[in-house]
file final_19.txt (compact mmCIF, C-alpha atoms)
# COMPACT_ATOMS: atom_id res chain seq x y z
CA MET O 1 32.01 0.90 27.32
CA GLU O 2 30.63 3.58 25.04
CA ARG O 3 27.57 2.61 23.05
CA GLN O 4 25.82 4.41 20.23
CA GLN O 5 22.17 5.17 19.57
CA VAL O 6 21.20 6.09 16.01
CA LEU O 7 18.13 8.04 14.96
CA TYR O 8 16.93 8.46 11.39
CA LEU O 9 14.51 11.26 10.67
CA TRP O 10 12.96 11.80 7.25
CA ALA O 11 11.69 15.32 6.68
CA SER O 12 9.19 16.95 4.37
CA GLY O 13 11.87 19.32 3.08
CA SER O 14 15.62 19.68 2.79
CA SER O 15 15.96 21.84 5.92
CA LEU O 16 16.66 20.47 9.37
CA ASP O 17 13.64 22.38 10.64
CA SER O 18 11.27 20.81 8.09
CA GLY O 19 8.54 18.62 9.53
CA THR O 20 9.30 14.97 10.30
CA VAL O 21 7.46 12.46 8.08
CA GLY O 22 9.20 9.24 9.14
CA TRP O 23 11.66 7.90 11.69
CA ALA O 24 13.66 4.90 12.85
CA PHE O 25 15.61 4.22 16.03
CA HIS O 26 18.45 1.75 16.64
CA ASP O 27 19.63 1.32 20.18
CA GLY O 28 23.17 0.10 20.76
CA THR O 29 22.63 0.36 24.51
CA GLU O 30 19.97 -2.37 24.36
CA GLY O 31 17.60 -0.29 26.46
CA ALA O 32 20.14 0.95 29.01
CA GLY O 33 20.21 4.44 27.51
CA PRO O 34 17.31 6.89 27.30
CA GLN O 35 14.56 6.07 24.85
CA LEU O 36 12.71 8.30 22.38
CA PRO O 37 10.11 10.70 23.75
CA ASP O 38 6.49 9.69 23.35
CA GLY O 39 4.84 10.95 20.24
CA SER O 40 4.40 10.13 16.61
CA PRO O 41 6.81 11.40 15.44
CA PRO O 42 9.05 11.60 18.51
CA TYR O 43 10.51 14.91 17.29
CA PRO O 44 8.47 17.32 15.13
CA THR O 45 11.68 18.44 13.36
CA GLY O 46 15.37 17.63 13.29
CA VAL O 47 16.07 20.75 15.30
CA ASP O 48 13.96 19.32 18.12
CA ALA O 49 16.21 16.26 18.09
CA LEU O 50 19.26 18.53 18.39
CA THR O 51 17.82 20.28 21.41
CA ASP O 52 17.25 16.88 23.03
CA GLY O 53 20.94 16.05 22.76
CA TRP O 54 21.21 14.27 19.41
CA MET O 55 24.24 15.03 17.20
CA LEU O 56 23.76 15.24 13.45
CA LEU O 57 25.91 12.67 11.61
CA GLN O 58 24.72 13.08 8.05
CA SER O 59 22.10 14.71 5.90
CA SER O 60 21.10 13.64 2.42
CA GLN O 61 22.60 15.40 -0.56
CA LEU O 62 20.41 17.36 -2.92
CA ILE O 63 20.62 15.52 -6.21
CA ALA O 64 19.14 16.93 -9.41
CA PRO O 65 16.63 14.51 -10.95
CA VAL O 66 17.75 12.45 -13.89
CA GLN O 67 16.28 13.71 -17.14
CA GLY O 68 13.12 11.77 -17.86
CA ASP O 69 12.63 10.89 -14.20
CA GLU O 70 11.70 14.34 -12.97
CA HIS O 71 8.18 13.31 -11.94
CA VAL O 72 8.83 9.84 -10.60
CA ASN O 73 8.95 9.42 -6.82
CA ALA O 74 11.02 6.76 -5.15
CA TYR O 75 12.48 6.82 -1.63
CA LEU O 76 12.02 9.53 0.97
CA ASP O 77 14.35 12.31 -0.17
CA PHE O 78 15.34 14.18 2.95
CA GLU O 79 17.11 11.91 5.41
CA PHE O 80 18.89 13.10 8.55
CA VAL O 81 20.94 10.69 10.64
CA PHE O 82 21.73 11.48 14.29
CA GLU O 83 23.69 9.77 17.02
CA ARG O 84 24.23 10.02 20.72
CA ARG O 85 26.59 8.00 22.86
CA PHE O 86 26.40 6.67 26.36
CA SER O 87 28.83 5.00 28.67
CA ILE O 88 27.37 1.68 29.67
CA ASP O 89 28.68 -0.46 32.50
CA THR O 90 29.23 -3.82 30.82
CA ARG O 91 31.14 -5.45 33.67
CA PRO O 92 29.52 -8.55 35.11
CA PRO O 93 28.02 -7.93 38.56
CA GLU O 94 30.42 -8.58 41.41
CA ARG O 95 29.84 -11.67 43.48
CA VAL O 96 28.67 -10.97 46.98
CA MET F 1 -44.46 -18.52 -18.85
CA ALA F 2 -41.54 -16.34 -17.92
CA ASN F 3 -39.44 -17.26 -14.96
CA ASP F 4 -39.76 -14.81 -12.05
CA MET F 5 -35.99 -14.51 -12.07
CA ASP F 6 -36.19 -12.84 -15.48
CA ASP F 7 -37.89 -9.84 -13.89
CA MET F 8 -35.31 -9.36 -11.16
CA PRO F 9 -32.86 -6.53 -11.73
CA THR F 10 -29.28 -7.65 -12.24
CA VAL F 11 -27.01 -6.37 -9.51
CA ASP F 12 -23.84 -4.78 -10.84
CA HIS F 13 -21.07 -5.46 -8.33
CA ARG F 14 -18.39 -3.58 -10.22
CA LEU F 15 -16.86 -0.56 -8.55
CA THR F 16 -17.93 3.04 -9.07
CA THR F 17 -15.78 5.76 -10.60
CA ARG F 18 -15.35 7.32 -7.17
CA GLN F 19 -14.05 4.03 -5.77
CA MET F 20 -11.63 3.64 -8.67
CA ALA F 21 -10.36 7.20 -8.20
CA ASP F 22 -9.81 6.51 -4.50
CA PHE F 23 -7.88 3.36 -5.41
CA VAL F 24 -5.65 5.37 -7.74
CA VAL F 25 -4.98 7.80 -4.88
CA ASN F 26 -4.46 5.32 -2.05
CA GLY F 27 -3.32 2.11 -3.74
CA PHE F 28 -5.85 0.03 -1.84
CA ILE F 29 -9.56 -0.34 -1.21
CA ARG F 30 -11.22 -2.37 1.52
CA PHE F 31 -14.53 -4.20 1.81
CA ASP F 32 -15.46 -4.98 5.39
CA ALA F 33 -17.10 -8.27 6.39
CA LEU F 34 -17.85 -9.14 2.78
CA VAL F 35 -17.17 -12.89 3.02
CA PRO F 36 -19.83 -14.89 4.93
CA PRO F 37 -18.87 -16.45 8.30
CA ASP F 38 -19.14 -20.07 7.18
CA VAL F 39 -16.79 -19.44 4.25
CA ASN F 40 -14.36 -17.70 6.61
CA GLU F 41 -14.36 -20.69 8.96
CA ARG F 42 -13.76 -23.19 6.19
CA GLY F 43 -11.22 -20.82 4.67
CA ILE F 44 -9.03 -20.98 7.77
CA GLU F 45 -9.09 -24.76 7.62
CA GLU F 46 -8.15 -24.72 3.94
CA MET F 47 -5.35 -22.22 4.59
CA ARG F 48 -4.07 -24.56 7.29
CA HIS F 49 -3.93 -27.43 4.77
CA LEU F 50 -2.35 -25.27 2.07
CA GLU F 51 0.35 -24.09 4.43
CA ALA F 52 1.16 -27.60 5.63
CA GLU F 53 0.96 -29.35 2.27
CA ARG F 54 2.15 -26.75 -0.26
CA PHE F 55 5.67 -28.19 -0.41
CA ALA F 56 4.83 -31.72 0.75
CA PRO F 57 4.88 -34.65 -1.70
CA GLU F 58 1.11 -35.05 -1.40
CA GLY F 59 -1.79 -32.87 -0.39
CA LEU F 60 -3.32 -29.53 -1.24
CA LYS F 61 -1.39 -27.44 -3.78
CA PRO F 62 -1.80 -23.92 -5.09
CA PRO F 63 -2.74 -23.43 -8.76
CA HIS F 64 -0.02 -23.21 -11.37
CA THR F 65 1.13 -19.69 -12.16
CA GLY F 66 -0.62 -18.49 -15.32
CA THR F 67 -3.79 -20.50 -14.77
CA PRO F 68 -6.96 -18.59 -15.64
CA LEU F 69 -8.53 -17.60 -12.34
CA ALA F 70 -11.78 -19.24 -13.41
CA ASP F 71 -9.96 -22.60 -13.34
CA CYS F 72 -8.34 -22.09 -9.94
CA TYR F 73 -9.51 -23.54 -6.63
CA PRO F 74 -12.19 -25.88 -8.05
CA ALA F 75 -15.02 -26.95 -5.73
CA PRO F 76 -14.99 -27.95 -3.00
CA SER F 77 -12.78 -25.06 -1.95
CA ALA F 78 -13.54 -22.26 0.49
CA ILE F 79 -10.90 -20.09 -1.20
CA GLY F 80 -12.61 -20.74 -4.53
CA GLU F 81 -15.99 -20.05 -2.95
CA TYR F 82 -14.81 -16.67 -1.69
CA LEU F 83 -13.23 -15.72 -5.00
CA ARG F 84 -16.43 -16.69 -6.86
CA LEU F 85 -18.70 -14.53 -4.70
CA PRO F 86 -20.50 -12.12 -7.06
CA GLN F 87 -19.21 -9.14 -5.09
CA ILE F 88 -15.61 -10.36 -5.35
CA GLN F 89 -16.06 -11.12 -9.04
CA GLY F 90 -17.28 -7.55 -9.56
CA ILE F 91 -14.28 -6.15 -7.69
CA ILE F 92 -11.82 -8.29 -9.65
CA GLU F 93 -13.46 -7.43 -12.97
CA SER F 94 -13.20 -3.70 -12.18
CA PHE F 95 -9.42 -3.93 -11.90
CA VAL F 96 -8.21 -6.75 -14.13
CA GLY F 97 -11.19 -7.72 -16.27
CA THR F 98 -13.12 -10.94 -16.58
CA GLY F 99 -10.23 -13.22 -17.50
CA PRO F 100 -7.30 -12.58 -15.15
CA THR F 101 -4.66 -15.20 -14.55
CA PHE F 102 -3.34 -16.51 -11.26
CA ASP F 103 0.11 -15.19 -10.37
CA HIS F 104 0.61 -16.77 -6.94
CA ASP F 105 -1.00 -17.06 -3.56
CA TRP F 106 0.31 -17.36 -0.04
CA THR F 107 -1.16 -18.22 3.32
CA HIS F 108 0.09 -15.74 5.90
CA HIS F 109 0.00 -17.47 9.25
CA ILE F 110 1.39 -15.71 12.30
CA GLN F 111 1.65 -17.79 15.44
CA PRO F 112 0.36 -16.47 18.78
CA HIS F 113 2.84 -14.16 20.50
CA ALA F 114 5.11 -14.13 17.44
CA THR F 115 7.50 -11.18 17.69
CA TYR F 116 9.00 -11.09 14.19
CA MET F 117 8.39 -7.75 12.53
CA GLN F 118 8.68 -7.96 8.76
CA PRO F 119 10.38 -4.91 7.26
CA LEU F 120 8.41 -2.66 4.99
CA HIS F 121 8.65 -3.91 1.41
CA VAL F 122 7.03 -4.17 -2.00
CA ASP F 123 6.45 -7.56 -3.53
CA ALA F 124 8.47 -8.89 -6.47
CA ILE F 125 10.85 -6.51 -8.28
CA ILE F 126 10.67 -2.98 -9.63
CA ASP F 127 7.98 -2.93 -12.25
CA SER F 128 8.02 -1.51 -15.74
CA ARG F 129 6.90 2.05 -16.39
CA ASP F 130 3.78 1.10 -18.29
CA PRO F 131 0.61 1.71 -16.32
CA ASN F 132 -0.64 -1.90 -16.24
CA PHE F 133 -0.89 -3.23 -12.72
CA ASP F 134 -1.69 -6.39 -10.83
CA VAL F 135 -3.96 -6.54 -7.83
CA GLN F 136 -3.44 -8.51 -4.66
CA LEU F 137 -6.47 -9.56 -2.65
CA PHE F 138 -5.89 -9.87 1.10
CA TRP F 139 -8.61 -11.95 2.76
CA TYR F 140 -8.82 -11.75 6.56
CA PRO F 141 -11.07 -14.66 7.65
CA HIS F 142 -11.23 -13.65 11.31
CA ASP F 143 -11.47 -10.44 13.32
CA VAL F 144 -8.31 -8.38 13.72
CA GLU F 145 -8.65 -6.02 16.67
CA PRO F 146 -6.65 -2.85 17.34
CA GLY F 147 -3.31 -3.73 18.87
CA GLU F 148 -3.29 -7.22 17.36
CA GLY F 149 -0.69 -6.27 14.79
CA GLY F 150 -2.60 -6.41 11.50
CA THR F 151 -0.79 -5.85 8.20
CA ARG F 152 1.06 -2.53 8.08
CA PHE F 153 0.81 -0.51 4.87
CA VAL F 154 1.51 3.01 3.60
CA PRO F 155 -1.40 4.62 1.74
CA GLY F 156 -0.31 6.31 -1.47
CA SER F 157 3.03 4.50 -1.79
CA HIS F 158 2.08 2.29 -4.75
CA LEU F 159 3.19 4.50 -7.67
CA ARG F 160 6.81 4.88 -6.50
CA HIS F 161 9.66 3.05 -8.13
CA VAL F 162 11.70 1.47 -5.37
CA ARG F 163 13.64 -1.69 -4.69
CA SER F 164 12.08 -3.87 -2.04
CA SER F 165 15.09 -3.93 0.29
CA GLY F 166 15.42 -0.16 0.15
CA LEU F 167 12.32 0.21 2.32
CA ASP F 168 13.68 -1.80 5.26
CA ARG F 169 14.87 1.27 7.12
CA TYR F 170 11.48 2.98 7.33
CA GLN F 171 10.32 1.86 10.77
CA HIS F 172 7.60 4.50 11.00
CA ILE F 173 5.96 6.71 8.38
CA ASN F 174 3.33 9.36 9.11
CA GLY F 175 -0.09 8.19 7.96
CA GLU F 176 0.75 4.50 7.73
CA GLN F 177 -1.99 2.12 8.77
CA GLN F 178 -2.26 -1.28 10.37
CA PHE F 179 -5.15 -3.42 9.29
CA VAL F 180 -8.01 -3.65 11.76
CA GLY F 181 -11.32 -5.10 10.77
CA PRO F 182 -14.02 -7.72 11.11
CA ALA F 183 -13.86 -11.28 9.84
CA GLY F 184 -14.45 -11.61 6.12
CA THR F 185 -12.83 -8.32 5.20
CA VAL F 186 -11.06 -8.19 1.83
CA VAL F 187 -8.50 -5.50 1.05
CA VAL F 188 -7.36 -5.06 -2.54
CA PHE F 189 -3.81 -3.74 -3.00
CA HIS F 190 -2.17 -2.30 -6.08
CA HIS F 191 0.92 -4.49 -6.47
CA GLY F 192 3.22 -1.57 -5.69
CA LEU F 193 1.83 -0.73 -2.25
CA TRP F 194 4.43 -0.74 0.55
CA HIS F 195 3.41 -3.20 3.27
CA ALA F 196 4.71 -5.52 6.01
CA GLY F 197 3.53 -8.31 8.27
CA GLN F 198 3.50 -7.44 11.93
CA PRO F 199 4.04 -9.32 15.21
CA ASN F 200 1.05 -11.09 16.73
CA PRO F 201 0.83 -10.19 20.42
CA GLY F 202 -2.50 -12.03 20.74
CA ALA F 203 -3.17 -15.53 22.00
CA GLY F 204 -4.71 -16.80 18.77
CA ASP F 205 -3.35 -17.78 15.36
CA ARG F 206 -3.72 -15.12 12.71
CA TRP F 207 -4.50 -16.09 9.15
CA MET F 208 -4.65 -14.18 5.91
CA HIS F 209 -4.79 -15.40 2.32
CA LYS F 210 -3.17 -13.32 -0.39
CA VAL F 211 -3.64 -13.91 -4.08
CA ARG F 212 -2.04 -11.92 -6.89
CA LEU F 213 -3.83 -11.60 -10.22
CA ASN F 214 -2.48 -10.50 -13.61
CA PRO F 215 -4.72 -8.73 -16.15
CA THR F 216 -5.06 -10.24 -19.61
CA GLN F 217 -6.77 -7.26 -21.22
CA PRO F 218 -6.30 -3.48 -21.16
CA GLN F 219 -7.55 -2.16 -17.82
CA VAL F 220 -9.68 0.46 -19.52
CA ARG F 221 -13.13 1.37 -18.19
CA LEU F 222 -13.68 -2.04 -16.65
CA TRP F 223 -15.64 -0.69 -13.67
CA ASN F 224 -19.23 0.60 -13.70
CA THR F 225 -18.69 3.88 -15.53
CA VAL F 226 -22.24 5.26 -15.39
CA ASP F 227 -20.98 8.05 -13.12
CA LEU F 228 -17.77 8.75 -15.05
CA ASP F 229 -19.08 11.66 -17.14
CA ASP F 230 -20.32 13.41 -13.99
CA LEU F 231 -16.98 13.10 -12.21
CA GLN F 232 -14.45 13.40 -15.05
CA ASN F 233 -13.05 16.91 -14.80
CA PRO F 234 -11.81 18.79 -17.85
CA PRO F 235 -8.03 19.16 -18.33
CA SER F 236 -8.35 22.82 -17.32
CA ASP F 237 -9.32 21.85 -13.77
CA HIS F 238 -6.74 23.71 -11.70
CA PHE F 239 -6.46 24.39 -7.99
CA PHE F 240 -5.02 27.84 -8.66
CA ALA F 241 -7.70 28.73 -11.23
CA ARG F 242 -11.08 26.99 -11.45
CA MET F 243 -12.14 23.60 -10.15
CA MET F 244 -15.11 21.30 -10.41
CA PRO F 245 -16.42 20.93 -6.86
CA ASP F 246 -16.89 17.17 -7.00
CA SER F 247 -14.57 15.43 -9.42
CA VAL F 248 -11.83 12.89 -9.92
CA ALA F 249 -9.34 15.75 -9.66
CA GLN F 250 -10.59 16.54 -6.17
CA ALA F 251 -9.82 12.96 -5.16
CA PHE F 252 -6.41 13.24 -6.80
CA ARG F 253 -5.60 16.27 -4.63
CA THR F 254 -5.40 14.02 -1.57
CA TRP F 255 -2.14 14.83 0.22
CA HIS F 256 -0.85 11.93 2.28
CA PRO F 257 0.84 13.21 5.46
CA TRP F 258 4.22 11.66 4.68
CA MET F 259 4.68 13.41 1.35
CA SER F 260 6.76 16.52 0.70
CA ILE F 261 5.23 19.12 -1.59
CA THR F 262 7.39 17.84 -4.46
CA ASP F 263 6.29 14.27 -3.76
CA TYR F 264 2.69 15.44 -3.69
CA ARG F 265 2.87 17.21 -7.03
CA ASN F 266 4.69 14.28 -8.61
CA GLU F 267 2.03 11.96 -7.24
CA GLN F 268 -0.65 14.07 -8.89
CA VAL F 269 1.21 13.61 -12.18
CA GLN F 270 1.45 9.86 -11.67
CA ARG F 271 -2.22 9.61 -10.67
CA ALA F 272 -3.22 11.58 -13.77
CA LYS F 273 -1.12 9.31 -15.99
CA LEU F 274 -2.73 6.21 -14.51
CA TRP F 275 -6.17 7.75 -14.92
CA ARG F 276 -5.40 8.52 -18.57
CA TYR F 277 -4.77 4.81 -19.05
CA LEU F 278 -7.80 3.68 -17.06
CA THR F 279 -10.17 6.03 -18.90
CA ASP F 280 -8.43 5.98 -22.30
CA ASP F 281 -8.36 9.77 -22.18
CA ASP F 282 -4.92 11.13 -23.01
CA THR F 283 -5.97 14.70 -22.28
CA TYR F 284 -6.87 14.05 -18.66
CA ASP F 285 -5.06 16.22 -16.14
CA VAL F 286 -5.20 17.58 -12.62
CA ASP F 287 -3.80 21.01 -11.75
CA HIS F 288 -2.33 21.58 -15.22
CA TYR F 289 0.95 19.74 -14.62
CA LEU F 290 0.93 17.49 -17.67
CA THR F 291 -0.94 19.88 -19.96
CA ARG F 292 1.50 22.69 -19.23
CA LEU F 293 4.45 20.54 -20.25
CA GLU F 294 2.75 19.03 -23.26
CA SER F 295 1.44 22.29 -24.68
CA ARG F 296 4.49 24.46 -24.16
CA ALA F 297 6.04 23.87 -27.55
CA GLU F 298 2.75 24.69 -29.27
CA LEU F 299 2.23 27.83 -27.20
CA VAL F 300 5.56 29.41 -28.11
CA ARG F 301 5.43 28.62 -31.79
call {"tool": "encode", "arguments": {"input": "final_19.txt", "output": "structure tokens"}}
result
Amino acid sequence: MERQQVLYLWASGSSLDSGTVGWAFHDGTEGAGPQLPDGSPPYPTGVDALTDGWMLLQSSQLIAPVQGDEHVNAYLDFEFVFERRFSIDTRPPERV
Amino acid sequence: MANDMDDMPTVDHRLTTRQMADFVVNGFIRFDALVPPDVNERGIEEMRHLEAERFAPEGLKPPHTGTPLADCYPAPSAIGEYLRLPQIQGIIESFVGTGPTFDHDWTHHIQPHATYMQPLHVDAIIDSRDPNFDVQLFWYPHDVEPGEGGTRFVPGSHLRHVRSSGLDRYQHINGEQQFVGPAGTVVVFHHGLWHAGQPNPGAGDRWMHKVRLNPTQPQVRLWNTVDLDDLQNPPSDHFFARMMPDSVAQAFRTWHPWMSITDYRNEQVQRAKLWRYLTDDDTYDVDHYLTRLESRAELVR
């Protein structure tokens, strides 16, 4: 069965090679697939995630601020979502 | 004959301007081992009762929302004893004045080896745009060692306008902290600070008491302002021009490691706006951002 791992990276700028400022990892393989490299953050930029085998699924749109809200911060603006997939053997072990 | 006490100098426990500026920048300020050990010990016992009896037909109850803080937790109460410490009174007065009201409290009890990780959140709902703010006092009555999963929080996140559930996805943010500190430590949060309870990998119960307070007066110059004139920079203070070497503006130039350059500049604007309110000085600025916008029409006339 194919299972998905999802990685969110939030960057300090709109480019995929901007520095990572936050991250989240969701593991559909329940630990059977490879884990994130050690480090905080695990990838200095989104490009480093690409070179480690992650595929970019989505990047955040650039949205002009609403008039009157130009100087109000809210969520982290620059979100990149990656995935990678692994075939996992989900068959029950054979009886000996 | 005069009492000897009359000759003793009165200790002012209110915060300094530098501490207030740091609070505006970070959204929190901590006071290590401030509460005495015996109050901490009795505090844990009282928290245990409050947790068990809060919703029970009989037993220990929290104050009613809206009660003046001075009327909350009457003696004998370790929680009341801690909140009436002169140092704590000075801290509270600096933020919300002498007559705040009780919003709510909660005993945060995490069982040994508990694995639940609370998502990052802000309390309550999105607040209004006026600069008034509540404070939340977090009292840790026992030691929290590194690796024991103390409260997670994100310095500098308090002035953002976000919905609580929108923060769930942020598992890790550069520069976030987890509380570590000795028994009796009190951390004061701006109500907007992003935070989350963490798992307790240790073998002991972990306790923390949180109380939220609402101001009942303008939060203007409530701290000890004797040093304000020395630290208050002029509106012309500008990183790309001339700066006072030691000033509120210097504190407001703190760049938290999770912020983009746009975030950082916007934060400076928000910090300056809050400082205008706190100091009742509507000309205050850092790095010319507000002044530039406000004076443009006059300049081109």
call {"tool": "closest_atom_pairs", "arguments": {"input": "final_19.txt", "of": "chain F", "to": "chain O", "cutoff": "9 Å", "atoms": "only C-alpha atoms", "output": "CSV"}}
result
residue,atom,partner,partner_atom,distance
F:Ser157,CA,O:Ala74,CA,9.0
F:Leu159,CA,O:Asn73,CA,7.6
F:Arg160,CA,O:Ala74,CA,4.8
F:His161,CA,O:Ala74,CA,4.9
F:Val162,CA,O:Ala74,CA,5.3
F:Arg163,CA,O:Ala74,CA,8.9
F:Gly166,CA,O:Tyr75,CA,7.8
F:Leu167,CA,O:Tyr75,CA,7.7
F:Arg169,CA,O:Ala24,CA,6.9
F:Tyr170,CA,O:Ala24,CA,6.2
F:Gln171,CA,O:Ala24,CA,5.0
F:His172,CA,O:Gly22,CA,5.3
F:Ile173,CA,O:Gly22,CA,4.2
F:Asn174,CA,O:Val21,CA,5.3
F:Gly175,CA,O:Val21,CA,8.7
F:Pro257,CA,O:Val21,CA,7.2
F:Trp258,CA,O:Val21,CA,4.8
F:Met259,CA,O:Ser12,CA,6.5
F:Ser260,CA,O:Ser12,CA,4.4
F:Ile261,CA,O:Ser12,CA,7.5
F:Thr262,CA,O:His71,CA,8.8
F:Asp263,CA,O:Asn73,CA,6.3
F:Arg265,CA,O:His71,CA,8.2
F:Asn266,CA,O:His71,CA,4.9
F:Glu267,CA,O:Asn73,CA,7.4
F:Val269,CA,O:His71,CA,7.0
F:Gln270,CA,O:Val72,CA,7.5
call {"tool": "axis_aligned_box", "arguments": {"input": "final_19.txt", "around": "range 200-208 of chain F", "padding_each_side": "8 Å", "output": "lines of an AutoDock Vina configuration file"}}
result
center_x = -1.8
center_y = -14.0
center_z = 14.0
size_x = 21.8
size_y = 23.6
size_z = 32.1
call {"tool": "atom_distance", "arguments": {"input": "final_19.txt", "atom1": "CA of Ser164 in chain F", "atom2": "CA of Gln118 in chain F"}}
result
12.0 Å
call {"tool": "closest_residue", "arguments": {"input": "final_19.txt", "among": "O:Val66, O:Val47, O:Met1, O:Val6", "to": "His26 in chain O", "atoms": "all atoms listed in the file"}}
result
O:Val6
call {"tool": "residues_around", "arguments": {"input": "final_19.txt", "residues": "Asp246 in chain F", "least_positions_apart": "4", "cutoff": "10 Å", "atoms": "all atoms listed in the file", "output": "PyMOL selection string"}}
result
chain F and resi 18+230-233+250-251
